[in-house]
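*Asks:* I'm passing along upload-v9.csv; it holds CSV, N, CA and C atoms.
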chain,number,residue,atom,x,y,z
A,1,MET,N,18.2,-62.4,72.1
A,1,MET,CA,17.1,-62.0,71.1
A,1,MET,C,15.8,-62.7,71.5
A,2,VAL,N,14.8,-61.9,71.4
A,2,VAL,CA,13.4,-62.5,71.7
A,2,VAL,C,12.8,-62.8,70.4
A,3,THR,N,12.2,-64.0,70.3
A,3,THR,CA,11.5,-64.4,69.1
A,3,THR,C,10.0,-64.7,69.4
A,4,ASN,N,9.2,-64.5,68.5
A,4,ASN,CA,7.8,-64.7,68.7
A,4,ASN,C,7.4,-66.0,67.9
A,5,ARG,N,6.9,-67.0,68.6
A,5,ARG,CA,6.6,-68.2,67.9
A,5,ARG,C,5.5,-68.0,66.9
A,6,ASN,N,4.6,-67.0,67.1
A,6,ASN,CA,3.5,-66.8,66.2
A,6,ASN,C,3.9,-65.8,65.0
A,7,SER,N,5.1,-65.5,65.0
A,7,SER,CA,5.5,-64.5,63.9
A,7,SER,C,5.4,-65.2,62.6
A,8,GLY,N,5.2,-64.5,61.6
A,8,GLY,CA,5.1,-65.1,60.2
A,8,GLY,C,4.4,-64.2,59.3
A,9,LEU,N,3.7,-64.8,58.3
A,9,LEU,CA,3.1,-64.0,57.3
A,9,LEU,C,2.0,-63.0,57.8
A,10,ALA,N,1.2,-63.4,58.8
A,10,ALA,CA,0.2,-62.5,59.3
A,10,ALA,C,0.8,-61.3,59.9
A,11,ASP,N,1.9,-61.4,60.7
A,11,ASP,CA,2.5,-60.3,61.3
A,11,ASP,C,3.1,-59.4,60.2
A,12,ASP,N,3.7,-60.0,59.2
A,12,ASP,CA,4.3,-59.2,58.1
A,12,ASP,C,3.2,-58.4,57.4
A,13,LYS,N,2.1,-58.9,57.1
A,13,LYS,CA,1.0,-58.2,56.5
A,13,LYS,C,0.5,-57.1,57.4
A,14,HIS,N,0.4,-57.3,58.7
A,14,HIS,CA,0.0,-56.3,59.6
A,14,HIS,C,1.0,-55.2,59.7
A,15,ALA,N,2.3,-55.5,59.7
A,15,ALA,CA,3.4,-54.5,59.7
A,15,ALA,C,3.3,-53.6,58.4
A,16,GLU,N,3.1,-54.3,57.3
A,16,GLU,CA,3.0,-53.6,56.0
A,16,GLU,C,1.8,-52.6,56.0
A,17,ALA,N,0.7,-53.1,56.5
A,17,ALA,CA,-0.5,-52.2,56.6
A,17,ALA,C,-0.3,-51.0,57.5
A,18,LEU,N,0.4,-51.2,58.6
A,18,LEU,CA,0.7,-50.0,59.5
A,18,LEU,C,1.7,-49.1,58.8
A,19,ILE,N,2.7,-49.6,58.0
A,19,ILE,CA,3.6,-48.7,57.3
A,19,ILE,C,2.8,-47.9,56.2
A,20,ASP,N,1.9,-48.6,55.5
A,20,ASP,CA,1.1,-47.9,54.5
A,20,ASP,C,0.3,-46.8,55.1
A,21,GLU,N,-0.3,-47.1,56.3
A,21,GLU,CA,-1.1,-46.1,57.0
A,21,GLU,C,-0.3,-44.9,57.4
A,22,LEU,N,0.9,-45.1,57.9
A,22,LEU,CA,1.8,-44.0,58.2
A,22,LEU,C,2.2,-43.2,57.0
A,23,ALA,N,2.4,-43.9,55.9
A,23,ALA,CA,2.8,-43.1,54.6
A,23,ALA,C,1.6,-42.3,54.2
A,24,GLU,N,0.4,-42.7,54.5
A,24,GLU,CA,-0.8,-41.9,54.1
A,24,GLU,C,-1.1,-40.8,55.0
A,25,SER,N,-0.4,-40.7,56.1
A,25,SER,CA,-0.6,-39.7,57.2
A,25,SER,C,0.3,-38.5,57.0
A,26,THR,N,0.9,-38.3,55.9
A,26,THR,CA,1.8,-37.1,55.6
A,26,THR,C,0.9,-35.9,55.6
A,27,SER,N,1.5,-34.7,55.8
A,27,SER,CA,0.7,-33.5,55.9
A,27,SER,C,0.0,-33.2,54.5
A,28,ASP,N,0.6,-33.6,53.4
A,28,ASP,CA,0.0,-33.4,52.1
A,28,ASP,C,-1.2,-34.3,52.0
A,29,ALA,N,-1.1,-35.6,52.5
A,29,ALA,CA,-2.2,-36.5,52.4
A,29,ALA,C,-3.4,-36.0,53.3
A,30,VAL,N,-3.1,-35.5,54.4
A,30,VAL,CA,-4.1,-35.0,55.4
A,30,VAL,C,-4.8,-33.8,54.7
A,31,LYS,N,-4.1,-32.9,54.1
A,31,LYS,CA,-4.7,-31.8,53.5
A,31,LYS,C,-5.7,-32.2,52.4
A,32,LYS,N,-5.3,-33.2,51.6
A,32,LYS,CA,-6.2,-33.7,50.6
A,32,LYS,C,-7.5,-34.3,51.1
A,33,LEU,N,-7.5,-34.8,52.4
A,33,LEU,CA,-8.7,-35.4,53.0
A,33,LEU,C,-9.6,-34.3,53.6
A,34,ARG,N,-9.2,-33.1,53.7
A,34,ARG,CA,-10.0,-32.1,54.4
A,34,ARG,C,-11.2,-31.8,53.5
A,35,ASN,N,-12.3,-31.7,54.2
A,35,ASN,CA,-13.6,-31.4,53.6
A,35,ASN,C,-13.9,-29.9,53.4
A,36,HIS,N,-13.2,-29.1,54.1
A,36,HIS,CA,-13.5,-27.7,54.1
A,36,HIS,C,-12.3,-26.8,53.7
A,37,THR,N,-12.5,-25.7,53.0
A,37,THR,CA,-11.4,-24.8,52.7
A,37,THR,C,-11.0,-24.1,54.0
A,38,ARG,N,-9.7,-24.1,54.2
A,38,ARG,CA,-9.2,-23.4,55.4
A,38,ARG,C,-8.7,-22.0,55.0
A,39,LEU,N,-9.1,-21.0,55.9
A,39,LEU,CA,-8.7,-19.7,55.7
A,39,LEU,C,-7.7,-19.2,56.8
A,40,SER,N,-6.7,-18.4,56.3
A,40,SER,CA,-5.7,-17.9,57.3
A,40,SER,C,-6.4,-16.7,58.0
A,41,VAL,N,-6.7,-16.9,59.2
A,41,VAL,CA,-7.4,-15.8,60.0
A,41,VAL,C,-6.7,-15.8,61.4
A,42,ARG,N,-6.1,-14.6,61.7
A,42,ARG,CA,-5.4,-14.5,63.0
A,42,ARG,C,-6.3,-13.7,64.0
A,43,VAL,N,-7.0,-14.4,64.9
A,43,VAL,CA,-7.9,-13.7,65.8
A,43,VAL,C,-7.7,-14.3,67.2
A,44,LYS,N,-8.0,-13.6,68.2
A,44,LYS,CA,-7.9,-14.1,69.6
A,44,LYS,C,-9.0,-15.1,69.9
A,45,VAL,N,-8.6,-16.2,70.6
A,45,VAL,CA,-9.6,-17.2,71.0
A,45,VAL,C,-9.4,-17.5,72.5
A,46,TYR,N,-10.5,-17.9,73.1
A,46,TYR,CA,-10.5,-18.2,74.5
A,46,TYR,C,-11.0,-19.7,74.6
A,47,VAL,N,-10.3,-20.5,75.3
A,47,VAL,CA,-10.5,-21.9,75.3
A,47,VAL,C,-10.9,-22.4,76.8
A,48,ASP,N,-12.0,-23.0,76.9
A,48,ASP,CA,-12.4,-23.6,78.2
A,48,ASP,C,-12.8,-25.0,78.0
A,49,PRO,N,-12.6,-25.9,79.0
A,49,PRO,CA,-13.1,-27.3,78.9
A,49,PRO,C,-14.6,-27.2,78.7
A,50,ALA,N,-15.2,-28.1,77.9
A,50,ALA,CA,-16.6,-28.1,77.6
A,50,ALA,C,-17.4,-28.5,78.9
A,51,SER,N,-16.8,-29.4,79.7
A,51,SER,CA,-17.5,-29.8,80.9
A,51,SER,C,-17.5,-28.7,82.0
A,52,LEU,N,-18.6,-28.3,82.5
A,52,LEU,CA,-18.6,-27.2,83.5
A,52,LEU,C,-17.9,-27.7,84.8
A,53,SER,N,-17.9,-28.9,85.0
A,53,SER,CA,-17.3,-29.4,86.3
A,53,SER,C,-15.8,-29.4,86.2
A,54,GLU,N,-15.2,-29.2,84.9
A,54,GLU,CA,-13.8,-29.1,84.8
A,54,GLU,C,-13.3,-27.7,84.6
A,55,ARG,N,-14.2,-26.7,84.7
A,55,ARG,CA,-13.8,-25.3,84.5
A,55,ARG,C,-13.3,-24.8,85.9
A,56,THR,N,-12.1,-24.4,85.9
A,56,THR,CA,-11.4,-23.9,87.2
A,56,THR,C,-11.4,-22.4,87.3
A,57,GLY,N,-11.9,-21.7,86.3
A,57,GLY,CA,-11.8,-20.3,86.3
A,57,GLY,C,-10.6,-19.8,85.5
A,58,VAL,N,-9.7,-20.7,85.1
A,58,VAL,CA,-8.5,-20.3,84.4
A,58,VAL,C,-8.9,-20.6,82.9
A,59,ARG,N,-8.9,-19.6,82.1
A,59,ARG,CA,-9.3,-19.7,80.7
A,59,ARG,C,-8.0,-19.5,79.9
A,60,LEU,N,-7.8,-20.4,78.9
A,60,LEU,CA,-6.6,-20.2,78.0
A,60,LEU,C,-6.9,-19.2,76.9
A,61,GLN,N,-6.0,-18.3,76.7
A,61,GLN,CA,-6.1,-17.4,75.5
A,61,GLN,C,-5.1,-17.8,74.5
A,62,GLY,N,-5.5,-17.8,73.2
A,62,GLY,CA,-4.6,-18.1,72.2
A,62,GLY,C,-4.9,-17.3,70.9
A,63,ILE,N,-4.4,-17.8,69.8
A,63,ILE,CA,-4.7,-17.1,68.5
A,63,ILE,C,-4.9,-18.2,67.5
A,64,THR,N,-5.8,-17.9,66.6
A,64,THR,CA,-6.0,-18.9,65.5
A,64,THR,C,-4.9,-18.8,64.5
A,65,GLY,N,-4.6,-19.9,63.8
A,65,GLY,CA,-3.7,-20.0,62.7
A,65,GLY,C,-4.5,-20.1,61.4
A,66,ASP,N,-5.5,-20.9,61.5
A,66,ASP,CA,-6.4,-21.0,60.3
A,66,ASP,C,-7.8,-21.5,60.9
A,67,ILE,N,-8.8,-21.4,60.0
A,67,ILE,CA,-10.1,-21.8,60.4
A,67,ILE,C,-10.9,-22.2,59.2
A,68,SER,N,-11.8,-23.1,59.4
A,68,SER,CA,-12.7,-23.5,58.3
A,68,SER,C,-14.1,-23.7,59.0
A,69,SER,N,-15.1,-24.1,58.2
A,69,SER,CA,-16.4,-24.3,58.8
A,69,SER,C,-16.4,-25.6,59.6
A,70,GLY,N,-15.3,-26.4,59.5
A,70,GLY,CA,-15.3,-27.7,60.2
A,70,GLY,C,-14.3,-27.7,61.4
A,71,GLY,N,-13.4,-26.7,61.5
A,71,GLY,CA,-12.5,-26.7,62.6
A,71,GLY,C,-11.5,-25.6,62.5
A,72,THR,N,-10.5,-25.6,63.4
A,72,THR,CA,-9.5,-24.5,63.5
A,72,THR,C,-8.2,-25.1,64.1
A,73,GLN,N,-7.2,-24.3,63.8
A,73,GLN,CA,-5.8,-24.6,64.3
A,73,GLN,C,-5.5,-23.4,65.2
A,74,ILE,N,-5.1,-23.6,66.4
A,74,ILE,CA,-4.8,-22.5,67.3
A,74,ILE,C,-3.5,-22.7,68.0
A,75,LEU,N,-2.9,-21.6,68.4
A,75,LEU,CA,-1.6,-21.6,69.2
A,75,LEU,C,-1.9,-21.1,70.6
A,76,LEU,N,-1.5,-21.8,71.6
A,76,LEU,CA,-1.8,-21.6,73.0
A,76,LEU,C,-0.5,-21.6,73.8
A,77,PRO,N,-0.6,-21.0,75.0
A,77,PRO,CA,0.6,-21.1,75.9
A,77,PRO,C,0.7,-22.5,76.7
A,78,ARG,N,-0.3,-23.3,76.7
A,78,ARG,CA,-0.3,-24.6,77.3
A,78,ARG,C,-1.0,-25.6,76.3
A,79,PRO,N,-0.6,-26.9,76.4
A,79,PRO,CA,-1.2,-27.8,75.5
A,79,PRO,C,-2.7,-28.2,75.9
A,80,LEU,N,-3.5,-28.6,74.9
A,80,LEU,CA,-4.8,-29.1,75.2
A,80,LEU,C,-4.7,-30.7,75.2
A,81,ARG,N,-5.6,-31.3,75.8
A,81,ARG,CA,-5.6,-32.8,75.9
A,81,ARG,C,-6.3,-33.3,74.7
A,82,ILE,N,-5.6,-34.1,73.9
A,82,ILE,CA,-6.1,-34.7,72.7
A,82,ILE,C,-7.3,-35.7,73.1
A,83,GLY,N,-8.4,-35.5,72.4
A,83,GLY,CA,-9.6,-36.4,72.7
A,83,GLY,C,-10.6,-35.6,73.6
A,84,ASP,N,-10.2,-34.5,74.2
A,84,ASP,CA,-11.1,-33.8,75.0
A,84,ASP,C,-11.9,-32.8,74.2
A,85,VAL,N,-13.1,-32.4,74.7
A,85,VAL,CA,-13.9,-31.4,74.0
A,85,VAL,C,-13.8,-30.1,74.8
A,86,TYR,N,-13.7,-29.0,74.0
A,86,TYR,CA,-13.5,-27.7,74.5
A,86,TYR,C,-14.5,-26.7,74.0
A,87,GLN,N,-14.8,-25.6,74.7
A,87,GLN,CA,-15.6,-24.6,74.2
A,87,GLN,C,-14.6,-23.5,73.7
A,88,ILE,N,-14.8,-23.1,72.4
A,88,ILE,CA,-13.9,-22.1,71.8
A,88,ILE,C,-14.7,-20.9,71.6
A,89,ALA,N,-14.3,-19.8,72.2
A,89,ALA,CA,-14.9,-18.5,72.0
A,89,ALA,C,-14.0,-17.5,71.3
A,90,PHE,N,-14.5,-16.9,70.2
A,90,PHE,CA,-13.7,-16.0,69.4
A,90,PHE,C,-13.9,-14.6,69.9
A,91,ASP,N,-12.9,-13.7,69.8
A,91,ASP,CA,-13.1,-12.3,70.1
A,91,ASP,C,-14.0,-11.7,69.1
A,92,ARG,N,-15.3,-11.5,69.5
A,92,ARG,CA,-16.4,-11.1,68.6
A,92,ARG,C,-16.1,-9.8,67.9
A,93,GLN,N,-15.3,-8.9,68.4
A,93,GLN,CA,-15.0,-7.7,67.7
A,93,GLN,C,-14.0,-7.9,66.5
A,94,GLU,N,-13.2,-9.0,66.6
A,94,GLU,CA,-12.3,-9.3,65.6
A,94,GLU,C,-12.9,-10.3,64.5
A,95,PHE,N,-13.7,-11.2,65.1
A,95,PHE,CA,-14.3,-12.3,64.2
A,95,PHE,C,-15.6,-12.7,64.8
A,96,ASP,N,-16.7,-12.3,64.1
A,96,ASP,CA,-18.0,-12.5,64.7
A,96,ASP,C,-18.5,-13.9,64.5
A,97,LEU,N,-18.1,-14.7,65.4
A,97,LEU,CA,-18.6,-16.1,65.4
A,97,LEU,C,-18.9,-16.5,66.8
A,98,ALA,N,-20.1,-17.1,67.0
A,98,ALA,CA,-20.5,-17.5,68.3
A,98,ALA,C,-19.6,-18.6,68.9
A,99,PRO,N,-19.6,-18.7,70.2
A,99,PRO,CA,-18.8,-19.8,70.8
A,99,PRO,C,-19.2,-21.2,70.2
A,100,VAL,N,-18.2,-22.1,70.0
A,100,VAL,CA,-18.5,-23.4,69.5
A,100,VAL,C,-17.8,-24.5,70.3
A,101,TYR,N,-18.3,-25.7,70.3
A,101,TYR,CA,-17.7,-26.8,70.9
A,101,TYR,C,-16.8,-27.5,69.9
A,102,ALA,N,-15.6,-27.9,70.3
A,102,ALA,CA,-14.7,-28.6,69.4
A,102,ALA,C,-13.9,-29.7,70.1
A,103,LEU,N,-13.6,-30.7,69.3
A,103,LEU,CA,-12.9,-31.9,69.8
A,103,LEU,C,-11.4,-31.7,69.4
A,104,CYS,N,-10.5,-31.8,70.4
A,104,CYS,CA,-9.1,-31.7,70.1
A,104,CYS,C,-8.6,-33.0,69.4
A,105,LEU,N,-8.1,-32.8,68.2
A,105,LEU,CA,-7.7,-34.0,67.4
A,105,LEU,C,-6.2,-34.2,67.4
A,106,ARG,N,-5.4,-33.1,67.6
A,106,ARG,CA,-4.0,-33.2,67.5
A,106,ARG,C,-3.4,-32.1,68.3
A,107,GLY,N,-2.1,-32.2,68.7
A,107,GLY,CA,-1.4,-31.2,69.4
A,107,GLY,C,0.1,-31.4,69.3
A,108,ARG,N,0.9,-30.4,69.4
A,108,ARG,CA,2.3,-30.5,69.4
A,108,ARG,C,2.9,-29.3,70.0
A,109,MET,N,4.1,-29.5,70.5
A,109,MET,CA,4.9,-28.4,71.1
A,109,MET,C,5.6,-27.7,70.0
A,110,VAL,N,5.4,-26.4,69.9
A,110,VAL,CA,6.1,-25.5,68.9
A,110,VAL,C,7.4,-25.0,69.5
A,111,ARG,N,7.3,-24.5,70.8
A,111,ARG,CA,8.4,-24.0,71.6
A,111,ARG,C,8.0,-24.4,73.0
A,112,PRO,N,8.9,-24.2,74.0
A,112,PRO,CA,8.6,-24.6,75.3
A,112,PRO,C,7.4,-23.8,75.9
A,113,ASP,N,7.1,-22.6,75.3
A,113,ASP,CA,6.0,-21.8,75.8
A,113,ASP,C,4.8,-21.7,74.8
A,114,ALA,N,4.8,-22.5,73.7
A,114,ALA,CA,3.8,-22.4,72.7
A,114,ALA,C,3.4,-23.8,72.2
A,115,PHE,N,2.1,-24.0,72.1
A,115,PHE,CA,1.6,-25.3,71.7
A,115,PHE,C,0.5,-25.1,70.7
A,116,GLU,N,0.6,-25.9,69.6
A,116,GLU,CA,-0.4,-25.9,68.6
A,116,GLU,C,-1.5,-27.0,68.9
A,117,ALA,N,-2.7,-26.7,68.5
A,117,ALA,CA,-3.8,-27.6,68.7
A,117,ALA,C,-4.7,-27.6,67.4
A,118,GLY,N,-5.0,-28.8,66.9
A,118,GLY,CA,-6.0,-28.9,65.8
A,118,GLY,C,-7.3,-29.4,66.4
A,119,LEU,N,-8.3,-28.6,66.1
A,119,LEU,CA,-9.7,-28.9,66.7
A,119,LEU,C,-10.7,-29.0,65.6
A,120,ARG,N,-11.6,-30.0,65.8
A,120,ARG,CA,-12.7,-30.2,64.8
A,120,ARG,C,-14.0,-29.7,65.6
A,121,PHE,N,-14.7,-28.8,64.9
A,121,PHE,CA,-16.0,-28.3,65.5
A,121,PHE,C,-17.0,-29.5,65.5
A,122,LEU,N,-17.8,-29.6,66.6
A,122,LEU,CA,-18.7,-30.6,66.7
A,122,LEU,C,-19.9,-30.5,65.8
A,123,GLU,N,-20.1,-29.3,65.3
A,123,GLU,CA,-21.1,-29.0,64.2
A,123,GLU,C,-20.5,-28.0,63.3
A,124,GLN,N,-20.9,-28.1,62.0
A,124,GLN,CA,-20.4,-27.2,61.0
A,124,GLN,C,-20.9,-25.8,61.3
A,125,VAL,N,-20.0,-24.8,61.1
A,125,VAL,CA,-20.3,-23.4,61.4
A,125,VAL,C,-20.2,-22.6,60.1
A,126,THR,N,-20.9,-21.5,60.0
A,126,THR,CA,-20.9,-20.6,58.9
A,126,THR,C,-19.9,-19.5,59.3
A,127,LEU,N,-18.9,-19.3,58.5
A,127,LEU,CA,-17.9,-18.4,58.8
A,127,LEU,C,-18.3,-17.0,58.4
A,128,PRO,N,-18.0,-16.0,59.2
A,128,PRO,CA,-18.3,-14.6,58.8
A,128,PRO,C,-17.3,-14.2,57.7
A,129,THR,N,-17.7,-13.3,56.8
A,129,THR,CA,-16.8,-12.9,55.8
A,129,THR,C,-16.0,-11.6,56.2
A,130,THR,N,-14.7,-11.7,56.0
A,130,THR,CA,-13.9,-10.5,56.2
A,130,THR,C,-13.0,-10.3,55.0
A,131,GLY,N,-12.5,-9.1,54.8
A,131,GLY,CA,-11.7,-8.9,53.7
A,131,GLY,C,-10.2,-9.3,53.8
A,132,GLU,N,-9.9,-9.8,55.1
A,132,GLU,CA,-8.5,-10.2,55.3
A,132,GLU,C,-8.3,-11.7,55.2
A,133,GLN,N,-9.2,-12.5,54.7
A,133,GLN,CA,-9.1,-13.9,54.6
A,133,GLN,C,-8.1,-14.3,53.5
A,134,GLN,N,-7.2,-15.2,53.8
A,134,GLN,CA,-6.3,-15.7,52.8
A,134,GLN,C,-6.2,-17.2,52.9
A,135,PRO,N,-5.7,-17.9,51.8
A,135,PRO,CA,-5.5,-19.3,52.0
A,135,PRO,C,-4.6,-19.6,53.2
A,136,ALA,N,-4.9,-20.7,53.9
A,136,ALA,CA,-4.1,-21.0,55.1
A,136,ALA,C,-2.7,-21.3,54.9
A,137,ARG,N,-1.8,-20.9,55.8
A,137,ARG,CA,-0.4,-21.3,55.9
A,137,ARG,C,-0.2,-21.7,57.3
A,138,SER,N,0.9,-22.3,57.6
A,138,SER,CA,1.3,-22.7,58.9
A,138,SER,C,1.5,-21.5,59.8
A,139,ILE,N,1.2,-21.6,61.1
A,139,ILE,CA,1.4,-20.5,62.0
A,139,ILE,C,2.8,-20.5,62.6
A,140,VAL,N,3.5,-21.5,62.3
A,140,VAL,CA,4.9,-21.6,62.8
A,140,VAL,C,5.9,-21.4,61.7
Reformat the file's structure so that it appears as structure tokens.
*Replies:*
Amino acid sequence: MVTNRNSGLADDKHAEALIDELAESTSDAVKKLRNHTRLSVRVKVYVDPASLSERTGVRLQGITGDISSGGTQILLPRPLRIGDVYQIAFDRQEFDLAPVYALCLRGRMVRPDAFEAGLRFLEQVTLPTTGEQQPARSIV
């Protein structure tokens, strides 16, 4: 057994703080912290790295799960790198929104061939109005 000579009250408080932080990271808590109303909108999106030097000509195509003026959730055939910035272009015939830059905040594998990504737009956008918008639900 390995012991830490410096263990004690300070480490216990640190561990408690980490556990409290994890408890606050539930999906319900995260939803309460959102600043923008999310709408359930299923449209085609095209994802490219924001840096022109990283564009290889291979563009990812996915579909939105939800969108707000602050960000979007998308489903893709490959994962995005968390912390990287991407240019997101929407199918303008389905959803008239100009391409936007977004930071990938989270990602997870849904199936071996499907990956979810949560992205925050780098600037707030004004969403077009469509008659098909509904309160957001999970895309999985």
*Asks:* What is the atom C of Pro128 (chain A) to CA of Leu52 (chain A) distance in Å?
*Replies:*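 Answer for the atom C of Pro128 (chain A) to CA of Leu52 (chain A) separation: 28.9 Å.
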*Asks:* In Å to one decimal, how far is atom C of Asp84 (chain A) from atom C of Gln124 (chain A)?
*Replies:*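 Interatomic distance, atom C of Gln124 (chain A) to atom C of Asp84 (chain A): 17.2 Å.
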*Asks:* Just the number, please: distance in Å from atom N of Glu123 (chain A) to atom N of Ile63 (chain A), one decimal.
*Replies:*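 Between atom N of Glu123 (chain A) and atom N of Ile63 (chain A) the gap works out to 20.0 Å.
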*Asks:* Of the candidates A:Leu39, A:Glu54, A:Phe121, A:Glu16, which one gets nearest to Ile67 (chain A) if we count only N, CA and C atoms?
*Replies:*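 Smallest distance to Ile67 (chain A) is found for A:Leu39.
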*Asks:* Can you tell me, as a PDB file with N, CA and C atoms, in the frame of the given file, what residues are no more than 5 Å from Glu116 (chain A) when counting all atoms listed in the file, ignoring any on the same chain fewer than 4 positions away?
*Replies:*
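Now in selection10.pdb:
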ATOM      1  N   ILE A  74      -5.100 -23.600  66.400  1.00  0.00           N
ATOM      2  CA  ILE A  74      -4.800 -22.500  67.300  1.00  0.00           C
ATOM      3  C   ILE A  74      -3.500 -22.700  68.000  1.00  0.00           C
ATOM      4  N   LEU A  75      -2.900 -21.600  68.400  1.00  0.00           N
ATOM      5  CA  LEU A  75      -1.600 -21.600  69.200  1.00  0.00           C
ATOM      6  C   LEU A  75      -1.900 -21.100  70.600  1.00  0.00           C
ATOM      7  N   GLY A 107      -2.100 -32.200  68.700  1.00  0.00           N
ATOM      8  CA  GLY A 107      -1.400 -31.200  69.400  1.00  0.00           C
ATOM      9  C   GLY A 107       0.100 -31.400  69.300  1.00  0.00           C
ATOM     10  N   ARG A 108       0.900 -30.400  69.400  1.00  0.00           N
ATOM     11  CA  ARG A 108       2.300 -30.500  69.400  1.00  0.00           C
ATOM     12  C   ARG A 108       2.900 -29.300  70.000  1.00  0.00           C
ATOM     13  N   VAL A 110       5.400 -26.400  69.900  1.00  0.00           N
ATOM     14  CA  VAL A 110       6.100 -25.500  68.900  1.00  0.00           C
ATOM     15  C   VAL A 110       7.400 -25.000  69.500  1.00  0.00           C
TER      16      VAL A 110
END
*Asks:* Determine, counting all atoms listed in the file, which protein, DNA and RNA residues have an atom within 6 Å of an atom of Pro49 (chain A); residues of the same chain fewer than 6 positions away are not included. Present the result as a list in words.
*Replies:*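 Non-adjacent residues within range: Arg55, Val85, Tyr86 and Gln87 of chain A.
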*Asks:* Mind the document's chain letters and residue numbers, and return as a PyMOL selection string the residues of region 58-137 of chain A that DSSP labels strand (DSSP E or B).
*Replies:* chain A and resi 60-67+71-76+85-90+100-111+114-121+134-135
*Asks:* Of the residues A:Gly70, A:Pro112, A:Gly65, A:Pro77, which is the one nearest to Val125 (chain A), using only N, CA and C atoms?
*Replies:*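 Of the candidates, the smallest distance to Val125 (chain A) is held by A:Gly70.
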*Asks:* For Gly118 (chain A), which residue out of A:Ile82, A:Gln73, A:Ala102, A:Leu97 is the nearest one, using all atoms listed in the file?
*Replies:*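 Selected residue with least distance to Gly118 (chain A): A:Gln73.
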*Asks:* Let me make sure I understand: among A:Ala89, A:Val58, A:Val41, A:Ala114, which one has the smallest atom-to-atom distance to Tyr101 (chain A) if we use all atoms listed in the file?
*Replies:*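 Among A:Ala89, A:Val58, A:Val41, A:Ala114, it is A:Ala89 that comes nearest to Tyr101 (chain A).
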*Asks:* For Leu80 (chain A), which residue among A:Arg106, A:Thr126, A:Ala50, A:Lys13 is the nearest when counting all atoms listed in the file?
*Replies:* A:Arg106
